[in-house]
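Student: So here's entry.cif (mmCIF, C-alpha atoms).
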```cif
data_entry
#
loop_
_atom_site.label_atom_id
_atom_site.label_comp_id
_atom_site.auth_asym_id
_atom_site.auth_seq_id
_atom_site.Cartn_x
_atom_site.Cartn_y
_atom_site.Cartn_z
CA MET Q 1 133.40 87.99 69.49
CA GLU Q 2 132.10 84.53 68.62
CA ILE Q 3 130.64 84.21 72.13
CA GLU Q 4 128.73 87.47 71.73
CA VAL Q 5 127.38 86.34 68.35
CA MET Q 6 126.13 83.10 69.91
CA LYS Q 7 124.48 85.05 72.71
CA ASP Q 8 122.69 87.22 70.14
CA ILE Q 9 121.49 84.16 68.22
CA LEU Q 10 120.19 82.43 71.34
CA GLY Q 11 118.64 85.66 72.62
CA GLU Q 12 116.71 86.23 69.40
CA ASN Q 13 115.63 82.60 69.38
CA ASP Q 14 114.41 82.78 72.98
CA THR Q 15 112.28 85.82 72.17
CA VAL Q 16 110.44 83.97 69.40
CA ALA Q 17 110.26 80.83 71.56
CA SER Q 18 108.47 82.80 74.28
CA GLU Q 19 105.95 83.99 71.72
CA ASN Q 20 105.46 80.41 70.53
CA ALA Q 21 104.97 79.22 74.10
CA ALA Q 22 102.31 81.86 74.75
CA PHE Q 23 100.54 80.83 71.54
CA PHE Q 24 100.54 77.15 72.54
CA ALA Q 25 99.30 77.95 76.04
CA ALA Q 26 96.43 80.03 74.68
CA LYS Q 27 95.45 77.20 72.34
CA LYS Q 28 95.76 74.60 75.14
CA ILE Q 29 98.17 72.56 73.02
CA PHE Q 30 100.77 70.27 74.57
CA VAL Q 31 103.92 70.55 72.45
CA LEU Q 32 106.60 67.87 72.67
CA ASN Q 33 110.05 68.32 71.12
CA ILE Q 34 111.59 64.88 70.42
CA MET Q 35 115.37 64.82 70.04
CA GLY Q 36 117.98 62.12 69.48
CA SER Q 37 120.67 60.78 67.18
CA PRO Q 38 120.07 59.82 63.55
CA GLY Q 39 118.86 56.23 63.60
CA SER Q 40 117.75 56.23 67.23
CA GLY Q 41 114.21 55.41 66.10
CA LYS Q 42 112.48 58.75 66.64
CA THR Q 43 110.21 58.41 63.62
CA THR Q 44 109.24 54.83 64.38
CA LEU Q 45 108.45 55.82 67.97
CA LEU Q 46 106.32 58.64 66.61
CA GLU Q 47 104.46 56.26 64.29
CA ARG Q 48 103.63 53.92 67.18
CA THR Q 49 102.57 56.89 69.30
CA LEU Q 50 100.17 58.06 66.60
CA GLU Q 51 98.72 54.57 66.29
CA LEU Q 52 98.00 54.26 70.01
CA LEU Q 53 96.71 57.79 70.55
CA ALA Q 54 94.74 58.22 67.31
CA ASP Q 55 91.37 57.78 69.05
CA LYS Q 56 92.29 59.82 72.12
CA LEU Q 57 94.11 62.97 71.01
CA ARG Q 58 94.23 65.18 67.92
CA ILE Q 59 97.93 65.18 67.10
CA GLY Q 60 99.81 67.28 64.57
CA VAL Q 61 103.45 66.71 63.65
CA ILE Q 62 106.30 69.00 62.62
CA GLU Q 63 109.13 67.05 60.97
CA GLY Q 64 112.66 68.45 60.97
CA ASP Q 65 115.21 67.07 58.52
CA LEU Q 66 118.31 68.24 56.70
CA PHE Q 67 117.06 67.78 53.15
CA THR Q 68 114.44 65.07 52.59
CA ALA Q 69 110.71 64.67 53.32
CA LYS Q 70 110.87 60.90 53.81
CA ASP Q 71 109.91 60.98 57.50
CA ALA Q 72 106.96 63.29 56.81
CA ALA Q 73 105.72 60.86 54.15
CA ARG Q 74 105.80 58.07 56.73
CA ILE Q 75 103.80 60.16 59.21
CA GLU Q 76 101.18 61.12 56.61
CA LYS Q 77 100.28 57.45 56.22
CA HIS Q 78 98.99 57.51 59.79
CA GLY Q 79 96.52 60.28 59.02
CA ALA Q 80 98.16 62.96 61.16
CA PRO Q 81 98.57 66.47 59.74
CA VAL Q 82 102.29 67.04 59.19
CA VAL Q 83 104.49 69.97 58.18
CA GLN Q 84 108.00 69.33 56.89
CA ILE Q 85 110.88 71.66 57.74
CA ASN Q 86 114.12 71.23 55.80
CA THR Q 87 117.06 72.99 57.40
CA ALA Q 88 119.31 72.71 54.31
CA GLY Q 89 122.13 71.31 56.40
CA GLY Q 90 121.35 73.02 59.70
CA CYS Q 91 121.79 70.70 62.68
CA HIS Q 92 118.68 71.79 64.60
CA LEU Q 93 115.29 73.47 64.40
CA ASN Q 94 114.83 76.96 65.81
CA ALA Q 95 111.85 78.88 67.15
CA ALA Q 96 111.37 80.95 63.98
CA MET Q 97 111.08 77.77 61.90
CA ILE Q 98 108.38 76.48 64.23
CA ARG Q 99 106.47 79.77 64.08
CA LYS Q 100 106.48 79.60 60.29
CA ALA Q 101 105.34 75.96 60.32
CA LEU Q 102 102.41 76.84 62.60
CA GLY Q 103 100.99 79.00 59.82
CA LYS Q 104 100.46 75.80 57.83
CA MET Q 105 98.62 73.95 60.62
CA ASP Q 106 95.02 74.06 61.81
CA THR Q 107 96.00 74.62 65.42
CA ASP Q 108 92.38 75.21 66.48
CA ASN Q 109 91.79 71.50 65.97
CA LEU Q 110 94.85 70.07 67.69
CA ASP Q 111 95.45 68.87 71.24
CA VAL Q 112 99.10 67.92 70.80
CA ILE Q 113 101.92 68.90 68.47
CA ILE Q 114 104.93 66.61 68.32
CA ILE Q 115 108.10 68.08 66.85
CA GLU Q 116 110.67 65.60 65.56
CA ASN Q 117 113.90 67.55 65.67
CA VAL Q 118 116.89 67.04 63.38
CA GLY Q 119 118.93 63.97 64.30
CA ASN Q 120 121.69 65.30 66.54
CA LEU Q 121 122.71 64.88 70.19
CA VAL Q 122 124.12 68.38 70.66
CA CYS Q 123 122.55 71.37 68.90
CA PRO Q 124 118.79 70.73 69.36
CA ALA Q 125 119.11 70.88 73.15
CA GLU Q 126 120.46 74.44 73.00
CA PHE Q 127 117.54 75.95 71.10
CA ASN Q 128 114.21 76.49 72.84
CA LEU Q 129 111.29 76.18 70.42
CA GLY Q 130 108.56 77.27 72.83
CA GLU Q 131 107.66 73.63 73.45
CA THR Q 132 105.96 72.43 76.62
CA ALA Q 133 108.48 69.63 77.12
CA LYS Q 134 111.47 67.94 75.53
CA ALA Q 135 112.08 64.21 75.17
CA VAL Q 136 115.24 62.38 74.14
CA VAL Q 137 115.39 59.01 72.40
CA LEU Q 138 118.43 56.79 73.01
CA SER Q 139 118.78 53.56 71.06
CA VAL Q 140 120.46 50.56 72.69
CA THR Q 141 122.65 50.34 69.58
CA GLU Q 142 124.29 53.66 70.50
CA GLY Q 143 125.88 52.58 73.78
CA GLU Q 144 125.07 53.40 77.41
CA ASP Q 145 127.80 56.05 77.57
CA LYS Q 146 125.83 58.64 75.58
CA PRO Q 147 124.05 60.37 78.51
CA MET Q 148 127.34 61.36 80.13
CA LYS Q 149 128.94 62.25 76.79
CA TYR Q 150 126.02 64.49 75.80
CA PRO Q 151 124.63 65.61 79.17
CA LEU Q 152 122.77 68.78 78.15
CA MET Q 153 120.18 66.94 76.10
CA PHE Q 154 119.36 64.62 79.00
CA LYS Q 155 119.36 67.47 81.52
CA GLU Q 156 116.89 69.44 79.38
CA ALA Q 157 114.50 66.55 78.72
CA ALA Q 158 111.39 65.76 80.72
CA ALA Q 159 111.40 62.21 79.37
CA ALA Q 160 113.95 59.75 78.01
CA VAL Q 161 113.05 56.76 75.86
CA ILE Q 162 115.50 53.87 75.72
CA ASN Q 163 114.57 52.49 72.32
CA LYS Q 164 115.01 49.18 70.47
CA THR Q 165 114.99 47.18 73.69
CA ASP Q 166 114.18 44.04 71.70
CA LEU Q 167 117.83 44.16 70.56
CA LEU Q 168 119.26 44.04 74.09
CA PRO Q 169 120.19 40.34 73.85
CA TYR Q 170 122.31 41.09 70.79
CA VAL Q 171 124.16 44.29 71.72
CA ASN Q 172 126.56 45.37 74.43
CA PHE Q 173 124.31 47.85 76.24
CA ASP Q 174 124.01 48.13 80.02
CA ARG Q 175 120.48 49.40 80.45
CA ALA Q 176 120.74 49.77 84.22
CA ALA Q 177 123.89 51.89 83.85
CA ALA Q 178 122.24 54.09 81.22
CA GLU Q 179 119.17 54.66 83.37
CA HIS Q 180 121.36 55.40 86.39
CA ASP Q 181 123.38 58.02 84.50
CA ILE Q 182 120.24 59.64 83.09
CA ALA Q 183 118.72 59.85 86.58
CA VAL Q 184 121.95 61.34 87.98
CA LEU Q 185 121.92 64.03 85.30
CA ASN Q 186 118.20 64.71 85.70
CA PRO Q 187 116.63 63.27 88.88
CA GLY Q 188 113.10 64.25 87.86
CA ILE Q 189 113.14 62.72 84.39
CA ASN Q 190 110.66 60.05 83.26
CA ILE Q 191 112.44 57.04 81.72
CA PHE Q 192 110.66 54.63 79.38
CA GLY Q 193 111.76 51.56 77.49
CA ALA Q 194 110.46 50.96 73.99
CA SER Q 195 110.42 48.20 71.42
CA CYS Q 196 108.67 49.89 68.51
CA THR Q 197 109.05 47.25 65.81
CA ALA Q 198 108.73 44.09 67.94
CA VAL Q 199 105.30 44.94 69.29
CA GLU Q 200 104.87 41.66 71.17
CA LYS Q 201 107.92 42.64 73.24
CA ASP Q 202 106.82 46.23 73.77
CA ASP Q 203 107.84 47.25 77.27
CA GLY Q 204 107.08 50.95 77.29
CA ILE Q 205 105.06 52.43 74.45
CA GLU Q 206 101.80 52.39 76.37
CA ALA Q 207 103.40 54.04 79.42
CA TRP Q 208 104.99 56.65 77.13
CA CYS Q 209 101.62 57.39 75.54
CA MET Q 210 99.97 57.68 78.96
CA TRP Q 211 102.64 60.25 79.87
CA ILE Q 212 101.73 62.30 76.79
CA GLU Q 213 98.04 62.10 77.68
CA GLU Q 214 98.74 63.22 81.26
CA ASN Q 215 100.77 66.17 80.08
CA TYR Q 216 98.06 67.26 77.67
CA ARG Q 217 95.54 67.18 80.52
CA LYS Q 218 97.85 69.31 82.66
CA VAL Q 219 98.15 71.91 79.89
CA SER Q 220 94.39 72.02 79.44
CA GLU Q 221 93.69 72.18 83.19
CA ASN Q 222 96.29 74.90 83.77
CA PHE Q 223 94.75 77.04 81.04
CA SER Q 224 91.26 76.61 82.49
CA ALA Q 225 92.52 77.53 85.97
CA ARG Q 226 94.08 80.75 84.63
CA GLN Q 227 90.81 81.71 82.98
CA GLU Q 228 88.82 81.41 86.22
#
```
Translate this structure into structure tokens?

Tutor:
Amino acid sequence: MEIEVMKDILGENDTVASENAAFFAAKKIFVLNIMGSPGSGKTTLLERTLELLADKLRIGVIEGDLFTAKDAARIEKHGAPVVQINTAGGCHLNAAMIRKALGKMDTDNLDVIIIENVGNLVCPAEFNLGETAKAVVLSVTEGEDKPMKYPLMFKEAAAAVINKTDLLPYVNFDRAAAEHDIAVLNPGINIFGASCTAVEKDDGIEAWCMWIEENYRKVSENFSARQE
């Protein structure tokens, strides 16, 4: 019985997610769903992304959190339009939440929407939001074993960011092993390193931002091709 209930929940979610995806495609918006553990550095990565792409893309943000609006307040300081979603204890965002949040955004004036999902390495990967792509953030402080322990998230993601690389000299993290395992789980995934707070040691933020730009262009070009 529990299995059938879960199927119903996922089925209903997928229906709304398909509607969201059609909406994003029609608006030519690239939508990125960023997932990862609490403390992996998702918000800091997002802040750096907004800084580097501010003059290139019009980016809106949807922030998912259990109870607070602290992350949204950080994003607002960068001038990006942001909508906060509080799940009241729920471990993930769902497609209906995203649809409701879109009603509070000026989507006609956005190129990209970045969704920061609730900090969790399990549930967010199971729920399609209608996004164009998923990305997972893995901090070096979490250990290189996480991809194999939580494979679905890495299998679902189009990009993986190994974050806080400036801490590598001080933690027991085998970066090569982590990248190997991620590539085994998902051979087509894009893997980036990132040092968001030690900018002088940044080894991946610019490449990550270029990936976002390229994906926005693909969305825009695909829409134009369908219209011809």

Student: I'd like to see the residues matched by the PyMOL selection byres ((chain Q and resi 47-55) around 10) on this file, and ideally I'd get them as a PDB file with C-alpha atoms, in the coordinates of the input.

Tutor:
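Result went into expr06.pdb, see below:
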```
ATOM      1  CA  GLY Q  41     114.210  55.410  66.100  1.00  0.00           C
ATOM      2  CA  LYS Q  42     112.480  58.750  66.640  1.00  0.00           C
ATOM      3  CA  THR Q  43     110.210  58.410  63.620  1.00  0.00           C
ATOM      4  CA  THR Q  44     109.240  54.830  64.380  1.00  0.00           C
ATOM      5  CA  LEU Q  45     108.450  55.820  67.970  1.00  0.00           C
ATOM      6  CA  LEU Q  46     106.320  58.640  66.610  1.00  0.00           C
ATOM      7  CA  LYS Q  56      92.290  59.820  72.120  1.00  0.00           C
ATOM      8  CA  LEU Q  57      94.110  62.970  71.010  1.00  0.00           C
ATOM      9  CA  ARG Q  58      94.230  65.180  67.920  1.00  0.00           C
ATOM     10  CA  ILE Q  59      97.930  65.180  67.100  1.00  0.00           C
ATOM     11  CA  GLY Q  60      99.810  67.280  64.570  1.00  0.00           C
ATOM     12  CA  VAL Q  61     103.450  66.710  63.650  1.00  0.00           C
ATOM     13  CA  ASP Q  71     109.910  60.980  57.500  1.00  0.00           C
ATOM     14  CA  ARG Q  74     105.800  58.070  56.730  1.00  0.00           C
ATOM     15  CA  ILE Q  75     103.800  60.160  59.210  1.00  0.00           C
ATOM     16  CA  GLU Q  76     101.180  61.120  56.610  1.00  0.00           C
ATOM     17  CA  LYS Q  77     100.280  57.450  56.220  1.00  0.00           C
ATOM     18  CA  HIS Q  78      98.990  57.510  59.790  1.00  0.00           C
ATOM     19  CA  GLY Q  79      96.520  60.280  59.020  1.00  0.00           C
ATOM     20  CA  ALA Q  80      98.160  62.960  61.160  1.00  0.00           C
ATOM     21  CA  ILE Q 114     104.930  66.610  68.320  1.00  0.00           C
ATOM     22  CA  SER Q 195     110.420  48.200  71.420  1.00  0.00           C
ATOM     23  CA  CYS Q 196     108.670  49.890  68.510  1.00  0.00           C
ATOM     24  CA  THR Q 197     109.050  47.250  65.810  1.00  0.00           C
ATOM     25  CA  VAL Q 199     105.300  44.940  69.290  1.00  0.00           C
ATOM     26  CA  ILE Q 205     105.060  52.430  74.450  1.00  0.00           C
ATOM     27  CA  GLU Q 206     101.800  52.390  76.370  1.00  0.00           C
ATOM     28  CA  TRP Q 208     104.990  56.650  77.130  1.00  0.00           C
ATOM     29  CA  CYS Q 209     101.620  57.390  75.540  1.00  0.00           C
ATOM     30  CA  MET Q 210      99.970  57.680  78.960  1.00  0.00           C
ATOM     31  CA  ILE Q 212     101.730  62.300  76.790  1.00  0.00           C
ATOM     32  CA  GLU Q 213      98.040  62.100  77.680  1.00  0.00           C
TER      33      GLU Q 213
END
```

Student: With distances taken over all atoms listed in the file, which residue among Q:Val112, Q:Val118, Q:Val219, Q:Ala178 lies nearest Q:Gly89?

Tutor: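 Ranked by minimum distance to Q:Gly89, first place goes to Q:Val118.
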
Student: Report as a list in words the residues that result from applying the PyMOL selection byres ((chain Q and resi 100) around 12) to the structure here.

Tutor: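 Checking the PyMOL selection byres ((chain Q and resi 100) around 12) against this file, the residues are Val16, Ala17, Asn20, Ile62, Val83, Gln84, Ile85, Leu93, Asn94, Ala95, Ala96, Met97, Ile98, Arg99, Ala101, Leu102, Gly103, Lys104, Met105 and Leu129 of chain Q.
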
Student: Evaluate the PyMOL selection byres ((chain Q and resi 185) around 9) here and jot the selected residues down as a list in words.

Tutor: Pro147, Met148, Pro151, Leu152, Phe154, Lys155, His180, Asp181, Ile182, Ala183, Val184, Asn186, Pro187 and Ile189 of chain Q

Student: Do a neighbour search on Q:Gly36 at 8 Å with only C-alpha atoms, toss out local chain neighbours closer than 2 positions, and write the hits as a list in words.

Tutor: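 In the requested format, the answer is Ile34, Pro38, Ser40, Lys42, Asn117, Val118, Gly119, Asn120, Leu121, Val136, Val137 and Leu138 of chain Q.
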
Student: Could you please determine the separation between atom CA of Q:Ile115 and atom CA of Q:Met35 in Å, to one decimal place?

Tutor: 8.6 Å

Student: Which residue is closest to Q:Gly130? Choose from Q:Tyr170, Q:Phe23, Q:Tyr150, Q:Phe192 and count only C-alpha atoms.

Tutor: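 Of all the options, Q:Phe23 lies closest to Q:Gly130.
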
Student: Which polymer residues have any atom within 12 Å of an atom of Q:Leu168, counting only C-alpha atoms, with same-chain residues fewer than 4 positions away left out, as a VMD selection string?

Tutor: chain Q and resid 139 to 144 162 to 164 172 to 176 193 to 195 201

Student: Check the smallest atom-to-atom distance from each of Q:Ser220, Q:Asn33, Q:Asn86, Q:Ser18 to Q:Pro124 using all atoms listed in the file, then report the winner.

Tutor: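 Comparing Q:Ser220, Q:Asn33, Q:Asn86, Q:Ser18 against Q:Pro124, the winner is Q:Asn33.
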
Student: Ranking Q:Phe127, Q:Glu156, Q:Thr107, Q:Ala88 by minimum distance to Q:Thr15 and counting only C-alpha atoms, which one comes first?

Tutor: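 Checking each of Q:Phe127, Q:Glu156, Q:Thr107, Q:Ala88 against Q:Thr15, counting only C-alpha atoms, the winner is Q:Phe127.
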
Student: If I take atom CA of Q:Ala160 and atom CA of Q:Glu12, how far is one from the other in Å, to one decimal?

Tutor: 28.0 Å

Student: Counting all atoms listed in the file, which residue out of Q:Asn215, Q:Asn109, Q:Thr132, Q:Asn190 sits closest to Q:Ala25?

Tutor: Q:Thr132

Student: Between atom CA of Q:Ile29 and atom CA of Q:Gly64, what distance in Å does the model show, to one decimal?

Tutor: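 Going from atom CA of Q:Ile29 over to atom CA of Q:Gly64 covers 19.3 Å.
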
Student: With distances taken over all atoms listed in the file, which residue among Q:Val122, Q:Asn128, Q:Tyr216, Q:Val82 lies nearest Q:Asp14?

Tutor: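 For Q:Asp14, the nearest of the candidates is Q:Asn128.
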